[in-house]
Structures are given as structure tokens and as C-alpha cells.
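Chemist: One structure, pasted below without further comment.
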Protein chains: 6
Amino acid sequence: MATLGLIEYTEASPEVRAIYDDIMATRKTDWINNFWKALAHDPVTLRKTWETAKDLMSHGPLDELTSELVYLAVSITNSCGYCIASHTASARKKGMTDEQFKELQAIVAFANANNRLAAGYQIEIDERFR
Amino acid sequence: MATLGLIEYTEASPEVRAIYDDIMATRKTDWINNFWKALAHDPVTLRKTWETAKDLMSHGPLDELTSELVYLAVSITNSCGYCIASHTASARKKGMTDEQFKELQAIVAFANANNRLAAGYQIEIDERFR
Amino acid sequence: MATLGLIEYTEASPEVRAIYDDIMATRKTDWINNFWKALAHDPVTLRKTWETAKDLMSHGPLDELTSELVYLAVSITNSCGYCIASHTASARKKGMTDEQFKELQAIVAFANANNRLAAGYQIEIDERFR
Amino acid sequence: MATLGLIEYTEASPEVRAIYDDIMATRKTDWINNFWKALAHDPVTLRKTWETAKDLMSHGPLDELTSELVYLAVSITNSCGYCIASHTASARKKGMTDEQFKELQAIVAFANANNRLAAGYQIEIDERFR
Amino acid sequence: MATLGLIEYTEASPEVRAIYDDIMATRKTDWINNFWKALAHDPVTLRKTWETAKDLMSHGPLDELTSELVYLAVSITNSCGYCIASHTASARKKGMTDEQFKELQAIVAFANANNRLAAGYQIEIDERFR
Amino acid sequence: MATLGLIEYTEASPEVRAIYDDIMATRKTDWINNFWKALAHDPVTLRKTWETAKDLMSHGPLDELTSELVYLAVSITNSCGYCIASHTASARKKGMTDEQFKELQAIVAFANANNRLAAGYQIEIDERFR
């Protein structure tokens with residue numbers, strides 16, 4: 001098989017199962033999405049990624065919704081189909097309204113356009129911005 | 001000259017000058033940055049870009065700071081040096097703290113990493129995310 | 001039809017068929033994948049691409065497996081679905097183990113993250129690296 | 001030294017010198033830009049790249065100016081500073097006017113924006129486009 | 001539902017319907033593709049995007065076909081599946097021949113390769129290109 | 001100041017200093033490069049990044065040089081100037097020869113080209129690669 005496939009809860013090692021349990025408990029849900037089930041092939045990366053997610057995507061200097069919007073903006077810019085689908089869902093779960101979703105799209109498109117205008121016109125950084 | 005250079009206020013057409021005036025009035029500042037001075041070579045694009053900036057980057061479904069953070073996240077992902085410098089400055093002006101800046105960086109890095117894990121492991125979109 | 005489709009061996013020109021024959025002989029296989037069948041619409045590009053592949057992806061300053069891993073790292077970074085699928089397969093054929101595959105993913109994710117940290121923090125190149 | 005540096009005409013091998021001569025003769029100029037001087041460290045890549053440039057960027061199914069505009073559009077999208085500078089210069093040499101340059105920028109920005117709207121809204125391909 | 005879905009003509013608001021009418025009249029066609037039907041959720045972005053499309057993609061400093069080729073080159077570089085499919089179709093409609101399509105692909109691939117050679121060899125911009 | 005600047009050893013907190021010490025000891029060197037000095041503003045990200053670097057970039061399923069080549073290939077694809085400079089240096093330190101460096105460049109360019117051919121020709125994944 002070309003890909004490694006997904007590791008379901010019932011076939012996971014105790015180490016992986018403990019992380020699955022923590023994901024479900026933290027997110028107050030009873031299922032695990034494919035991202036974690038694929039990463040489970042590499043338990044060290046699974047653990048580090050989940051720890052960072054738990055730390056960064058929760059309330060901290062940026063609130064939870066803002067963190068999700070930033071994550072989604074990156075995923076759209078990189079055209080990551082999986083990440084767009086999953087983080088649109090999690091942003092909604094954290095309160096993103098339709099109006100906010102649409103404005104996010106517009107800002108992401110706008111920034112991508114302006115990034116190229118800045119590059120194409122070969123604009124030098126203003127002294128005040130250094 | 002390879003690039004078109006920058007159009008200063010004193011040499012701008014009345015049409016461009018009116019936009020410069022609006023930028024300075026809206027932003028309560030007395031200078032124009034290089035991005036607008038370069039776009040001024042194309043007054044239609046200058047006007048549309050400024051109108052969209054005024055509309056999108058102000059308070060709406062997303063507040064001003066969140067809009068800036070999203071814009072900055074895109075610019076970092078695209079490695080646009082000019083845009084990173086100018087929008088780090090405007091995000092600070094709109095209240096971004098050092099702690100928020102650092103968390104933003106960490107989330108942008110994290111999302112860029114995970115975007116590639118999703119691609120490399122060829123992860124299919126979960127039914128629930130469709 | 002929107003795309004040009006694929007050129008099968010039986011319908012290929014003698015020029016294209018000779019390249020198909022060389023691909024199968026070189027790779028000790030009896031089939032041609034879709035990449036070559038699509039490029040066959042442009043025999044010059046087909047020939048150049050195959051010659052470069054034969055030259056670069058074989059044993060040289062870098063061994064065959066390393067060449068495949070580098071190729072795969074680029075394809076993951078660019079989210080090229082076709083290329084990820086085909087070069088994961090060819091890397092496996094050249095000996096990539098599951099452990100190596102997982103470490104590759106982790107390094108590609110790590111590099112993509114750090115590339116953005118370097119951009120976002122606007123880090124200047126150290127004198128020693130110049 | 002971090003980079004390999006540039007190979008000047010006087011220090012080039014006969015093989016590289018012959019390519020430099022062909023570049024200058026073809027382009028009716030008396031100098032070689034840094035791109036070729038860097039590639040000269042790898043004479044096979046230098047030769048292949050120059051042959052492809054001579055073939056693709058000259059008049060063929062697409063005229064010379066269109067080819068340059070397409071090349072420049074890619075380079076702006078990738079934020080390749082060197083490539084933007086050198087291909088803006090060559091596009092001008094092949095007749096690109098200021099008005100065309102500005103429209104090119106606007107289209108490249110527009111396409112980059114719309115690429116993200118298509119990704120973010122998760123738009124499926126219309127049956128008619130398949 | 002994860003995405004907002006598509007807004008069909010019959011369910012569109014008068015404001016959106018007027019834009020749909022203008023798209024069909026301008027393009028001399030009787031259907032609306034999914035891009036516009038998704039953007040219709042955000043009527044302001046729909047209107048601005050359509051106005052810019054009408055302005056930029058028609059005959060101006062660059063002719064219609066050249067504009068489409070530039071747009072397509074960007075979309076291929078960004079791997080935007082939807083945009084590649086729809087703009088390949090519109091480029092064909094505006095006269096792109098198979099030979100031109102194939103040369104476009106070859107140039108886009110060539111520019112993407114050279115962009116990385118310029119980056120990897122850390123090539124400095126020639127004085128003459130500044 | 002627009003950026004946060006660099007944190008030198010003498011001004012670092014004990015927590016950061018301990019990481020600097022570990023970097024220097026592990027790498028058998030007496031200096032710290034700017035990447036770590038910038039990340040030091042965010043000690044948690046500094047620690048995690050260094051731990052991952054120590055783990056991933058050392059000998060494991062992939063040897064140290066291969067890991068560096070993969071990292072460098074990603075950085076070139078993303079045009080990250082800082083990362084290209086620093087990881088070209090570390091790849092050399094780990095034994096990368098000039099011949100290997102040049103082949104790496106050629107493969108990265110080749111993969112970037114082919115990624116776009118696969119996208120532009122809209123090539124479907126072969127059944128055997130799934």
C-alpha cells in the first residue's frame with residue numbers, strides 16, 4: 001500500500017491510545033480525526049504535535065477563535081485541502097460565524113494579492129518599518 | 001531603471017493625491033508608505049486596493065487586530081519581506097503585544113508544519129468534515 | 001475535453017514509443033505511469049524530462065534513495081498530490097523503510113515550520129553563513 | 001564560503017566559455033548575468049538550462065513577449081527576487097510597456113487572490129470543466 | 001455543513017442575480033460556474049471580483065488570451081485545482097491552441113525550476129537589473 | 001523597534017542560557033546563530049524547536065547528511081534566505097561535497113518543475129500508486 005493508512009483506537013498501542021484518550025477528553029468528543037490516526041504511525045511526532053496543539057490552540061495570549069482563524073489563513077494560503085476542511089470545522093465549533101468566515105476569506109485573498117504586488121513592484125522596506 | 005520607483009506626494013496626480021490624503025486622514029498619520037507610492041503608478045489598482053483595505057481591515061465581523069494577525073499570518077507563510085515588516089508594524093499599532101506576536105509566530109509555524117504532514121501522509125478528509 | 005488526456009503505448013508515435021521503451025527497460029518494469037503518458041503530448045519536454053530523470057535520479061554524487069527523498073520533500077512542500085503518491089512509491093522501491101518515511105515527514109514539517117519562524121522574526125543572516 | 005560564487009568568463013572552462021559565447025551571440029549582448037555565472041559550476045545543468053531557455057523563450061507557439069510575461073508571473077508568485085529583477089528587465093527588452101507591466105502585476109495579484117478564494121470556499125470543479 | 005455551498009440563480013438575492021446576469025451577458029453564455037456561486041455568499045467580494053475580472057481579463061494593455069495565460073501560469077504555480085480547470089477552459093475559449101497550452105506548461109515548469117536555482121545558489125541581483 | 005531583536009548569551013535568562021549551552025555542547029562549537037537568538041524571546045518554542053532539531057537532525061532512520069539535504073531542499077523550495085544560508089553551511093559541515101550540493105540543486109529544480117507539469121496537465125494518480 002502506498003500510504004501507511006490509519007490506526008484505529010482498537011488497534012493502537014497503549015502509548016497512542018493514551019494520547020487518543022487525552023484528545024477526546026480535552027475536546028469533549030468521542031472520536032478521533034484522520035490527522036491523528038495517520039500521525040499515530042510516528043508516536044513521537046503524534047505526542048509532540050498534540051502537546052503543541054493543546055498548548056497553542058487553547059486560550060493564551062491569543063484567544064481560541066483567533067488562533068483557529070490564523071491557522072485557517074495559513075492552510076488556505078498553502079491550499080491544504082485536509083487542513084482547510086478540518087480547521088473550518090473547528091473554527092465553527094469555537095464560534096466562527098458565517099460573516100467572520102467570509103471576511104476571513106476576503107482578507108486571506110487580499111493579503112495574497114498584495115504580497116505579490118509588493119514582490120512584483122520590488123518595493124523596498126520603509127525606514128520606519130525596520 | 002528596472003522598477004518604476006515611488007511616486008511622492010508632491011509629484012502625484014490630483015487623483016492619486018486624493019487617495020494619499022484619504023490614507024493619511026483615515027490612519028491619522030502624516031506619511032504614506034512605499035506600498036502605496038509604488039501602486040500609485042496604477043491609479044485604478046491603487047484606489048481598489050485602498051478601498052478594500054479600508055473596508056476589510058477596519059472593524060467588521062472581525063476586529064481590527066484579528067484582521068491584522070490574519071494578514072500577517074499569510075505574509076509570513078508567503079515569505080513576503082515587505083508585507084511582514086509593514087504589517088508587524090500595523091499590528092503593533094493596533095495593540096498586538098509581544099506575547100501575542102510570539103504566539104502568532106508559533107501558530108503560523110505549527111500550521112505550516114501540519115499542512116505538510118497532512119499532504120505527505122496523504123490523509124483523506126473525514127466524512128464529518130465534508 | 002478540458003485536459004489533453006493520456007497517450008497509451010499503442011497510440012503513441014514511434015518517437016514517443018522509443019522513450020516509453022527506454023523508461024520500461026531502465027526501470028525494469030512493464031508499464032508507464034500517467035506522468036509520462038500526459039507529457040507525451042509534448043515529445044520534446046517528454047524526452048528532456050526523461051533524460052534528466054535518468055541522469056539525476058540514478059546513482060551519482062547522491063545515491064538513488066537520497067535523490068528520491070529530496071524529490072519527495074519538495075513535492076510534499078508544494079502539496080503536489082500526484083508527485084507525492086508516485087515518488088512515495090518509487091522511494092519505497094528504492095529501499096525507503098517505514099521508519100525513514102516517517103522521519104522524512106517529520107523533517108519536512110519541521111523545516112516548513114522553521115522557514116516561517118525565520119521569516120516572521122525577520123532574522124538576518126549571520127556573518128559566518130555568508 | 002557559503003555559496004560557490006560566480007565563474008567569470010576569463011576563468012571559465014572551454015565548455016562553459018562556449019555556452020557563454022552562445023548566450024552573448026544569441027542575445028546580441030556583451031555580458032553574462034549572474035544566473036549563468038552561478039550555474040556554470042554545474043556545466044550539465046548550465047547547458048540544459050540554456051538550451052531550454054533558447055528554445056522556449058524565443059518565438060514559437062507563444063511569442064517572445066508572452067513567454068517572458070508568463071515567466072515573470074511565475075517568479076512574482078514565488079517571490080523570487082533575482083528572477084523578478086532579471087525577467088522584468090528582459091520583458092522590457094522584448095517590448096513590455098509600462099502599461100503592460102502594470103496590468104501584469106494586477107492580474108498576478110488577482111489570480112493569487114482568487115486561487116485562495118477557490119481553496120478556502122472548497123469549491124468543486126464544475127462538470128463542464130472536467 | 002462544512003462549506004457554505006453554492007447559491008443557484010433561483011435562490012439568489014436581486015443584488016446577486018444582477019451580477020449573475022451581467023456575467024452571462026458579458027460572457028455570452030447561459031450558465032454560471034461554481035466560483036461565482038460560492039462567492040455569492042459574500043456579495044461585496046462577488047461584485048468587486050467580477051468587476052476586476054471584467055476589467056483586467058478583457059482587452060487592455062494585454063490582450064485577452066495573454067491575460068488568461070498569465071492567470072493560468074499563476075494557478076499552476078499555486079496548484080489550485082479549481083483555477084487550473086476553469087482557466088484552461090477559458091483560455092481555450094479565447095483561442096489557446098494545444099501547441100500554446102503545451103508551451104505554457106513547459107515555461108511554467110522551467111520558471112519554477114529556475115526560481116529555485118536562483119534561490120539555492122544564493123545569486124545576487126546584477127547591478128544592471130537594479 | 002519592528003522586530004524583537006536578538007538575545008545574546010550574556011543577557012539571556014538562566015532557562016535560555018541552559019539551552020544555548022546545550023546547543024554549543026551538542027554542536028561542539030562556541031557560538032549561537034541568530035535563529036536561536038531570535039527564538040529565545042519565546043523560551044517554550046526555543047526549547048521545543050531545539051529538542052526536535054537534536055532528535056531529528058542527528059543520526060536516526062536517516063543519517064545526518066541526508067536529513068540536512070532534505071531540510072535544505074524544503075528551504076530552497078520555500079525561498080527562505082536565512083534557512084538556505086544556514087543549512088548550506090551545516091550540510092557542508094556534515095560532509096556535503098560540492099558535487100552533492102550541485103546535484104541537490106538540480107534535483108530540487110527538477111522536482112519543482114515536474115510538480116507544476118503534474119498540476120497543469122491535471123494528471124490523475126495511477127491506480128498502482130494508491
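Naming scheme: A, B, ... for chains in displayed order of the C-alpha cells; residues 1 onward per chain; ligands 1 onward as shown.
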Kindly provide, as a list in words, the residues of chain B having any atom no farther than 9 Å from an atom of chain F, counting only C-alpha atoms.
Modeler: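 Here they are: Asn78, Ser79, Ala85, Ser86, Thr88, Ala89, Arg92, Asp98, Glu99, Lys102, Glu103 and Ala106 of chain B.
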Chemist: At a cut-off of 12 Å, using only C-alpha atoms, what residues contact Thr52 in chain B? Leave out same-chain residues fewer than 3 positions from it and give the result as JSON, numbers by chain.
Modeler: {"A": [103, 106, 107, 109, 110, 111, 113, 114], "B": [45, 46, 47, 48, 49, 55, 56, 57, 58], "E": [44, 45, 48, 49]}
Chemist: To one decimal in Å, tell me the separation between CA of Cys83 in chain D and CA of Phe35 in chain D.
Modeler: 9.0 Å
Chemist: What separation in Å, quoted to one decimal, exists between CA of Glu68 in chain F and CA of Lys94 in chain F?
Modeler: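 Between CA of Glu68 in chain F and CA of Lys94 in chain F the gap works out to 8.2 Å.
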Chemist: Any chance you could list, as a PyMOL selection string, the residues in chain C that come up helix (DSSP H, G or I) when DSSP is run on the backbone?
Modeler: chain C and resi 9-11+14-27+34-39+43-56+64-77+81-93+98-120+127-129
Chemist: Can you work out the spacing between CA of Asp30 in chain C and CA of Ile7 in chain C in Å, to one decimal?
Modeler: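 Here the two named atoms are 15.8 Å from each other.
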Chemist: Under the rule that only C-alpha atoms are counted, which of E:Thr77, E:Thr97, E:Ala53, E:Gly60 is the nearest residue to Asn115 in chain F?
Modeler: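 Result for the nearest residue to Asn115 in chain F: E:Thr77.
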Chemist: Between C:Val108, C:Ile32, C:Ala40, C:Ile123, which residue has the minimum interatomic distance to Pro14 in chain C, considering only C-alpha atoms?
Modeler: C:Ala40
Chemist: Please list as an MDAnalysis selection string every residue within 12 Å of Ala18 in chain B, counting only C-alpha atoms and excluding residues in the same chain fewer than 5 positions away.
Modeler: chainID B and resid 9:10 12:13 23:25 40 43 46:47 50
Chemist: Go ahead and write the selection's residues with N, CA and C atoms as a JSON list (two decimals), in the first residue's frame.
Modeler:
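Heads up, here's the output in selection_8.json:
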[["chain", "number", "residue", "atom", "x", "y", "z"],
["B", 9, "TYR", "N", 4.21, 62.45, -2.86],
["B", 9, "TYR", "CA", 3.01, 63.27, -2.80],
["B", 9, "TYR", "C", 3.10, 64.48, -3.74],
["B", 10, "THR", "N", 4.23, 65.14, -3.69],
["B", 10, "THR", "CA", 4.38, 66.39, -4.46],
["B", 10, "THR", "C", 4.33, 66.17, -5.97],
["B", 12, "ALA", "N", 2.52, 63.64, -7.33],
["B", 12, "ALA", "CA", 1.36, 62.80, -7.66],
["B", 12, "ALA", "C", 0.28, 63.59, -8.39],
["B", 13, "SER", "N", -0.48, 62.88, -9.20],
["B", 13, "SER", "CA", -1.64, 63.49, -9.88],
["B", 13, "SER", "C", -2.70, 63.81, -8.83],
["B", 23, "ILE", "N", -5.78, 58.16, 2.84],
["B", 23, "ILE", "CA", -4.99, 57.21, 3.63],
["B", 23, "ILE", "C", -4.50, 57.88, 4.91],
["B", 24, "MET", "N", -3.94, 59.09, 4.76],
["B", 24, "MET", "CA", -3.38, 59.77, 5.94],
["B", 24, "MET", "C", -4.47, 60.16, 6.93],
["B", 25, "ALA", "N", -5.60, 60.62, 6.40],
["B", 25, "ALA", "CA", -6.70, 61.02, 7.29],
["B", 25, "ALA", "C", -7.26, 59.80, 8.03],
["B", 40, "ALA", "N", 0.85, 53.65, -6.87],
["B", 40, "ALA", "CA", 0.33, 54.88, -7.48],
["B", 40, "ALA", "C", 0.58, 54.94, -8.98],
["B", 43, "PRO", "N", -3.23, 53.90, -10.91],
["B", 43, "PRO", "CA", -4.23, 54.52, -10.03],
["B", 43, "PRO", "C", -5.48, 53.68, -9.81],
["B", 46, "LEU", "N", -4.47, 51.15, -7.26],
["B", 46, "LEU", "CA", -4.27, 51.89, -6.01],
["B", 46, "LEU", "C", -5.61, 52.15, -5.32],
["B", 47, "ARG", "N", -6.56, 52.66, -6.07],
["B", 47, "ARG", "CA", -7.86, 53.01, -5.50],
["B", 47, "ARG", "C", -8.61, 51.77, -4.99],
["B", 50, "TRP", "N", -6.85, 50.35, -1.87],
["B", 50, "TRP", "CA", -7.07, 51.16, -0.68],
["B", 50, "TRP", "C", -8.51, 51.01, -0.19]]
